There are 2 protein chains.
Amino acid sequence: MELKPELITIGEQAKQASRLLMPAGTATKNAALQNIADTLQEHAQEILDANAIDMANAEAKGLRKSLLTRLLLTPKQIDGICEGVRDVIQLPDPVGRGEMWTRPNGLRIEKISTPLGVIGIIYEARPNVTVDAAALCLKSGNACLLRGGSEAAESNKVLVRLIAEAIAAAGLPAAAVQLVPAGDRAYAEQLMRMNSYVDVIIPRGGAGLIQSVVANATVPVIETGAGVCHTYVHGEADLDKALSIVYNAKTDKPGVCNALETLLVDEAVAAEFLPRLAHMLTNGDKGPVEMRACPKTLVHIPDARPATAEDWQTEHNDMILNMKTVAGMDEALDHIYQYSTKHSEAILTESYPAAQRFLKEVDAAAVYVNASIRFTDGNRFGFGAEIGISTQKLHARGPMGLPELTTCKYLVYGEGQIVN
Amino acid sequence: MELKPELITIGEQAKQASRLLMPAGTATKNAALQNIADTLQEHAQEILDANAIDMANAEAKGLRKSLLTRLLLTPKQIDGICEGVRDVIQLPDPVGRGEMWTRPNGLRIEKISTPLGVIGIIYEARPNVTVDAAALCLKSGNACLLRGGSEAAESNKVLVRLIAEAIAAAGLPAAAVQLVPAGDRAYAEQLMRMNSYVDVIIPRGGAGLIQSVVANATVPVIETGAGVCHTYVHGEADLDKALSIVYNAKTDKPGVCNALETLLVDEAVAAEFLPRLAHMLTNGDKGPVEMRACPKTLVHIPDARPATAEDWQTEHNDMILNMKTVAGMDEALDHIYQYSTKHSEAILTESYPAAQRFLKEVDAAAVYVNASIRFTDGNRFGFGAEIGISTQKLHARGPMGLPELTTCKYLVYGEGQIVN
């Protein structure tokens, strides 16, 4: 594959920037972040004007309402974005941490965290991600190449120009944050194959975007995203707690990856639990939830819609709940084994052995007992920030904070040692 | 891509085996390893007979001597292989380790190590790797799919059959270790794209093999291998130590990835150091080393061969040393930045600031002061075992021991918590 010349230039600049960022001290990186927050706030009107152009174009193209909402920037949101950058200043620098040991021959070995290098981020038309990703990459000493959705092109251009100026004013390379041209799909495809320039690609967005990156990238990818998440109401569950947890997991924010898609109910409690839950799902204050039920569940909720084979593997991202009544733990584990995307899975139970078995046997990024799976999130886990939630197993799994944007290197201190 | 039916069967079996291996206890896994060592020892003659067929076929095909050496098994090597398996028993189980914390809302979160799942290993015709990889995967609770070079097909068939029987005798699934058919390249190519069945691919072998995996895999890859490694003799080096270290790094085992390829010599010491080194490289007891030198170096070693532009980027894996005289630290760092494959890099110096700058600015898996880069190795680092040396930055970098064959999951212990 011939790389486009613009991409070679961008790639070279990113590598050079990464070389300078790698040894940069925390104070310098924090000064750059402070400059970014201040600059964006000062130039809020310029950003809003660019965003207005993007919004007008998107409306003219008939973009869906939910996408328009994500594209829109308001003065309040710009304040929030700047606050987010200031929050990153407060987080500990993930670079330069580690452990050390001494070998019998006297060699001292340190394993120390170091920036990944150049990170490519491919995402949708959400200008807030531009600033968020830039701030997290900068704090962790990485250069980044940002490829945002084309609908946000004008907003992103202004944001990245302001960010680059702010970084340069702090004495770090402006090319630490660069935009990959939007619009032409070939740029995104080449970005995924720039192995000489890019150390990792992180796609953030819907299932289609992520699958396309996984299928086409030769640069290592951290896959984020898809969540067909389950909650299993065990035969010994506290049903009051279960009602509240299931309702929260489904309705708090149904469009996100850690929302509940499929409820598994033990048949021991189905007759008692399901009608109560159905009432809540229908009449709750978050609006009605459409229920798609297996035959055994339909016995207790006759007005639910029968679930299809496809429902069990679908991330609805909507006010729709798949419901299945299971004979017990074995069937619940088998169903999860078959359909889980290994994001977040929960058991609700008061039984110690049931909880322990579930925690041990379920393979997922986050496995819960007696809580809403909506907690799978960098901030809610206490990481202070999040670049995404990994649904693969390599490098990072689950919510990724700043430490996940580093790799390690071994420093070896010798006094003339040679091998025999 | 349509998967071959045999591969779907193998993949399904590996997934099922992985599900049972994941929660398996250390004692059970160690019992299986003990069985493997005992079984292989008992059936040594059967293994040797199969290997004799492979050797005869390979000789008839005119395989290179160095490859024949790697293919050959002797009774002594089988003892060594079994000893290696027993060593793995002694290593700590990498599964089930981690850290925990409590959130303000009372949620307790544990980050705990867990097996990766199914590991695909693609390697050359080295039957010892078959046993080594199987033992490391088993100890870390992973199922593995082994794709060895076709020249070792008969040896591998016997080895894997014996291993599978030994595992089953310990009550673990025989399909924990399976062979992917050799010979047909399509099997290897499909193995790299079995995303539904395989969690990671680890290629072990030469540059061609690794590049082909990186270019074709959709399953996440841990890249191992290529090392264009440098050692920089700084202006304040102890030249006696430097002679010994450079000679060791180049000649101890020139065919491996952590061998020295390019020597950088500070011009401050070039006149004194280079003639002494040239004498040692020519007359040392490990046999003569061919010197390929830059013009400045040729002044001091007139009988060296001039280095070409290609030499600087070549992993010779042979008794050949590239030699360049540099004006100082800046030029040394620039050369390393341009040509390093980020494997192992060393500075030899008595200067504290020079050592610190080199450690900070060189981006490589292992960065040394005053020691031979041949130490980059799982055993020499004290990990007890090694599945390979990663030259990428994701997941694992540098020598990979058992912990690198695990991922993590988060266990979340709640009492009814929901998000607001």
# chains A, B, ... in the order shown; residues from 1 in each chain; ligands from 1
>>> residues_around(residues="segment 272-284 of chain A", least_positions_apart="6", cutoff="10 Å", atoms="only C-alpha atoms", output="list in words")
Val233, Ala237, Leu239, Asp240, Ala242, Leu243, Ser244, Val246, Tyr247, Lys250, Thr251, Val265, Asp266, Glu290, Met291, Thr297, Leu298, Val299, His300, Ile301, Pro302, Asp303, Ala304, Met319, Ile320, Leu321, Met323 and Thr325 of chain A
>>> write_last_selection(atoms="C-alpha atoms", output="short mmCIF file (atom, residue, chain, number, x, y, z; two decimals), in the first residue's frame")
data_model
loop_
_atom_site.label_atom_id
_atom_site.label_comp_id
_atom_site.auth_asym_id
_atom_site.auth_seq_id
_atom_site.Cartn_x
_atom_site.Cartn_y
_atom_site.Cartn_z
CA VAL A 233 -31.50 -13.01 38.95
CA ALA A 237 -31.75 -13.15 45.01
CA LEU A 239 -35.98 -9.48 44.83
CA ASP A 240 -36.41 -5.89 46.01
CA ALA A 242 -33.05 -7.07 42.05
CA LEU A 243 -35.94 -4.89 40.85
CA SER A 244 -34.01 -1.72 41.52
CA VAL A 246 -32.34 -4.43 36.84
CA TYR A 247 -34.40 -1.29 36.25
CA LYS A 250 -31.70 -1.19 31.66
CA THR A 251 -33.09 2.33 31.80
CA VAL A 265 -34.34 -15.11 35.68
CA ASP A 266 -34.11 -18.29 37.69
CA GLU A 290 -40.27 -3.18 25.37
CA MET A 291 -40.00 -6.76 26.66
CA THR A 297 -41.12 -15.96 30.56
CA LEU A 298 -44.23 -15.37 28.43
CA VAL A 299 -46.17 -17.57 30.85
CA HIS A 300 -45.67 -14.87 33.49
CA ILE A 301 -45.69 -11.83 31.18
CA PRO A 302 -48.22 -12.75 28.49
CA ASP A 303 -48.20 -9.32 26.85
CA ALA A 304 -44.45 -9.38 26.16
CA MET A 319 -35.45 0.68 25.63
CA ILE A 320 -35.75 -3.02 24.79
CA LEU A 321 -35.04 -5.89 27.20
CA MET A 323 -35.83 -11.82 29.01
CA THR A 325 -36.18 -17.83 32.32
#
>>> residues_around(residues="Thr28 of chain A", least_positions_apart="4", cutoff="7 Å", atoms="only C-alpha atoms", output="number ranges by chain")
A: 24, 32, 170
>>> write_last_selection(atoms="all heavy atoms", output="mmCIF file, in the first residue's frame")
data_model
loop_
_atom_site.group_PDB
_atom_site.id
_atom_site.type_symbol
_atom_site.label_atom_id
_atom_site.label_comp_id
_atom_site.auth_asym_id
_atom_site.auth_seq_id
_atom_site.Cartn_x
_atom_site.Cartn_y
_atom_site.Cartn_z
ATOM 1 N N ALA A 24 9.255 14.102 28.477
ATOM 2 C CA ALA A 24 8.775 15.375 29.048
ATOM 3 C C ALA A 24 8.308 15.184 30.498
ATOM 4 O O ALA A 24 7.712 14.165 30.840
ATOM 5 C CB ALA A 24 7.625 15.919 28.196
ATOM 6 N N ALA A 32 0.990 22.527 29.670
ATOM 7 C CA ALA A 32 0.363 22.473 28.349
ATOM 8 C C ALA A 32 -1.139 22.229 28.487
ATOM 9 O O ALA A 32 -1.952 22.843 27.775
ATOM 10 C CB ALA A 32 1.012 21.381 27.505
ATOM 11 N N ALA A 170 3.583 25.979 25.624
ATOM 12 C CA ALA A 170 4.183 25.391 26.827
ATOM 13 C C ALA A 170 5.541 24.760 26.522
ATOM 14 O O ALA A 170 6.144 24.120 27.387
ATOM 15 C CB ALA A 170 3.242 24.348 27.423
#
>>> closest_atom_pairs(of="chain A", to="chain B", cutoff="8 Å", atoms="only C-alpha atoms", output="CSV")
residue,atom,partner,partner_atom,distance
A:Arg19,CA,B:Glu361,CA,7.6
A:Met22,CA,B:Glu361,CA,7.4
A:Pro23,CA,B:Lys360,CA,6.1
A:Arg103,CA,B:Gly382,CA,7.0
A:Ile109,CA,B:Phe381,CA,7.6
A:Leu116,CA,B:Lys393,CA,6.4
A:Asp199,CA,B:Lys393,CA,7.1
A:Val200,CA,B:Leu394,CA,7.5
A:Val214,CA,B:Thr218,CA,6.1
A:Ala215,CA,B:Thr218,CA,5.6
A:Asn216,CA,B:Thr218,CA,7.5
A:Ala217,CA,B:Thr218,CA,7.6
A:Thr218,CA,B:Ala215,CA,5.6
A:Pro220,CA,B:Pro220,CA,6.9
A:Val221,CA,B:Pro220,CA,7.4
A:Lys241,CA,B:Gly416,CA,5.6
A:Ala242,CA,B:Gly416,CA,7.6
A:Ser244,CA,B:Ile418,CA,7.5
A:Ile245,CA,B:Ile418,CA,5.9
A:Asn248,CA,B:Ile418,CA,6.2
A:Ala249,CA,B:Ile418,CA,7.6
A:Asp252,CA,B:Val419,CA,7.6
A:Leu359,CA,B:Leu411,CA,6.8
A:Lys360,CA,B:Pro23,CA,6.2
A:Glu361,CA,B:Pro23,CA,6.3
A:Asp363,CA,B:Lys409,CA,7.7
A:Ala364,CA,B:Lys409,CA,6.4
A:Ala365,CA,B:Lys409,CA,4.8
A:Ala366,CA,B:Tyr410,CA,4.5
A:Val367,CA,B:Leu411,CA,5.0
A:Tyr368,CA,B:Val412,CA,4.6
A:Val369,CA,B:Tyr413,CA,5.2
A:Asn370,CA,B:Gly414,CA,4.8
A:Ala371,CA,B:Gln417,CA,4.9
A:Ser372,CA,B:Ile418,CA,5.1
A:Arg374,CA,B:Val419,CA,6.6
A:Phe375,CA,B:Val419,CA,6.7
A:Phe381,CA,B:Arg103,CA,7.3
A:Gly382,CA,B:Arg103,CA,7.0
A:Gln392,CA,B:Asp199,CA,7.9
A:Lys393,CA,B:Thr407,CA,5.7
A:Leu394,CA,B:His395,CA,5.3
A:His395,CA,B:His395,CA,3.3
A:Ala396,CA,B:His395,CA,7.0
A:Arg397,CA,B:Cys408,CA,6.5
A:Gly398,CA,B:Lys409,CA,7.5
A:Thr407,CA,B:Lys393,CA,5.7
A:Cys408,CA,B:Arg397,CA,6.5
A:Lys409,CA,B:Ala365,CA,4.8
A:Tyr410,CA,B:Ala366,CA,4.5
A:Leu411,CA,B:Val367,CA,5.0
A:Val412,CA,B:Tyr368,CA,4.6
A:Tyr413,CA,B:Val369,CA,5.2
A:Gly414,CA,B:Asn370,CA,4.8
A:Glu415,CA,B:Asn370,CA,5.4
A:Gly416,CA,B:Ala371,CA,5.0
A:Gln417,CA,B:Ala371,CA,4.9
A:Ile418,CA,B:Ser372,CA,5.1
A:Val419,CA,B:Arg374,CA,6.6
A:Asn420,CA,B:Asp252,CA,7.8
>>> residues_around(residues="Gly183 of chain B", least_positions_apart="2", cutoff="8 Å", atoms="only C-alpha atoms", output="list in words")
Gly149, Ser150, Pro181 and Arg185 of chain B
>>> closest_residue(among="A:Lys15, A:Cys294, A:Arg70, A:Ser196", to="Thr341 of chain B", atoms="only C-alpha atoms")
A:Ser196
>>> select_by_dssp(residues="segment 181-300 of chain B", states="alpha helix (DSSP H)", output="MDAnalysis selection string")
chainID B and resid 185:191 207:216 239:251 267:283 295:300
>>> residues_around(residues="Cys137 of chain B", least_positions_apart="2", cutoff="10 Å", atoms="only C-alpha atoms", output="ChimeraX atom specification")
/B:115-119,131-135,139-145,176-177,387,402,405-406
>>> write_last_selection(atoms="C-alpha atoms", output="mmCIF file, in the first residue's frame")
data_model
loop_
_atom_site.group_PDB
_atom_site.id
_atom_site.type_symbol
_atom_site.label_atom_id
_atom_site.label_comp_id
_atom_site.auth_asym_id
_atom_site.auth_seq_id
_atom_site.Cartn_x
_atom_site.Cartn_y
_atom_site.Cartn_z
ATOM 1 C CA PRO B 115 -6.146 -16.591 31.479
ATOM 2 C CA LEU B 116 -6.260 -15.019 28.030
ATOM 3 C CA GLY B 117 -8.396 -17.907 26.741
ATOM 4 C CA VAL B 118 -7.207 -19.504 23.502
ATOM 5 C CA ILE B 119 -3.686 -18.747 22.275
ATOM 6 C CA VAL B 131 6.224 -28.765 24.381
ATOM 7 C CA ASP B 132 7.497 -25.483 25.766
ATOM 8 C CA ALA B 133 4.513 -23.494 24.479
ATOM 9 C CA ALA B 134 2.020 -26.159 25.582
ATOM 10 C CA ALA B 135 3.448 -26.181 29.124
ATOM 11 C CA LYS B 139 0.203 -23.407 33.517
ATOM 12 C CA SER B 140 -1.399 -20.040 32.739
ATOM 13 C CA GLY B 141 -4.817 -21.680 32.188
ATOM 14 C CA ASN B 142 -4.931 -21.138 28.434
ATOM 15 C CA ALA B 143 -5.902 -23.540 25.673
ATOM 16 C CA CYS B 144 -3.513 -23.427 22.738
ATOM 17 C CA LEU B 145 -3.600 -24.085 19.025
ATOM 18 C CA ALA B 176 -6.321 -27.871 25.875
ATOM 19 C CA VAL B 177 -3.443 -28.508 23.472
ATOM 20 C CA ILE B 387 7.153 -17.581 25.624
ATOM 21 C CA LEU B 402 3.753 -16.494 32.518
ATOM 22 C CA LEU B 405 -0.139 -14.991 29.193
ATOM 23 C CA THR B 406 -2.914 -13.610 31.366
#
>>> select_by_dssp(residues="segment 9-192 of chain A", states="strand (DSSP E)", output="list in words")
Gly98, Glu99, Met100, Trp101, Thr102, Arg108, Ile109, Glu110, Lys111, Ile112, Ser113, Thr114, Pro115, Val118, Ile119, Gly120, Ile121, Ile122, Tyr123, Ala143, Cys144, Leu145, Leu146, Arg147, Val177, Gln178 and Leu179 of chain A
>>> residues_around(residues="Ile10 of chain A", least_positions_apart="3", cutoff="10 Å", atoms="only C-alpha atoms", output="list in words")
Pro5, Glu6, Leu7, Gln13, Ala14, Lys15, Gln16, Leu145, Ala175, Gln178, Leu179, Val180 and Tyr197 of chain A
>>> closest_residue(among="B:Gly80, B:Gly62, B:Gly98, B:Gly255", to="Ala226 of chain B", atoms="only C-alpha atoms")
B:Gly255
>>> closest_residue(among="B:Arg147, B:Lys29, B:Lys324, B:Arg305", to="Leu263 of chain B", atoms="only C-alpha atoms")
B:Lys324
>>> atom_distance(atom1="atom CA of Asn156 of chain B", atom2="atom CA of Ala50 of chain B")
8.5 Å
>>> atom_distance(atom1="atom CA of Ser155 of chain A", atom2="atom CA of Leu71 of chain A")
9.0 Å
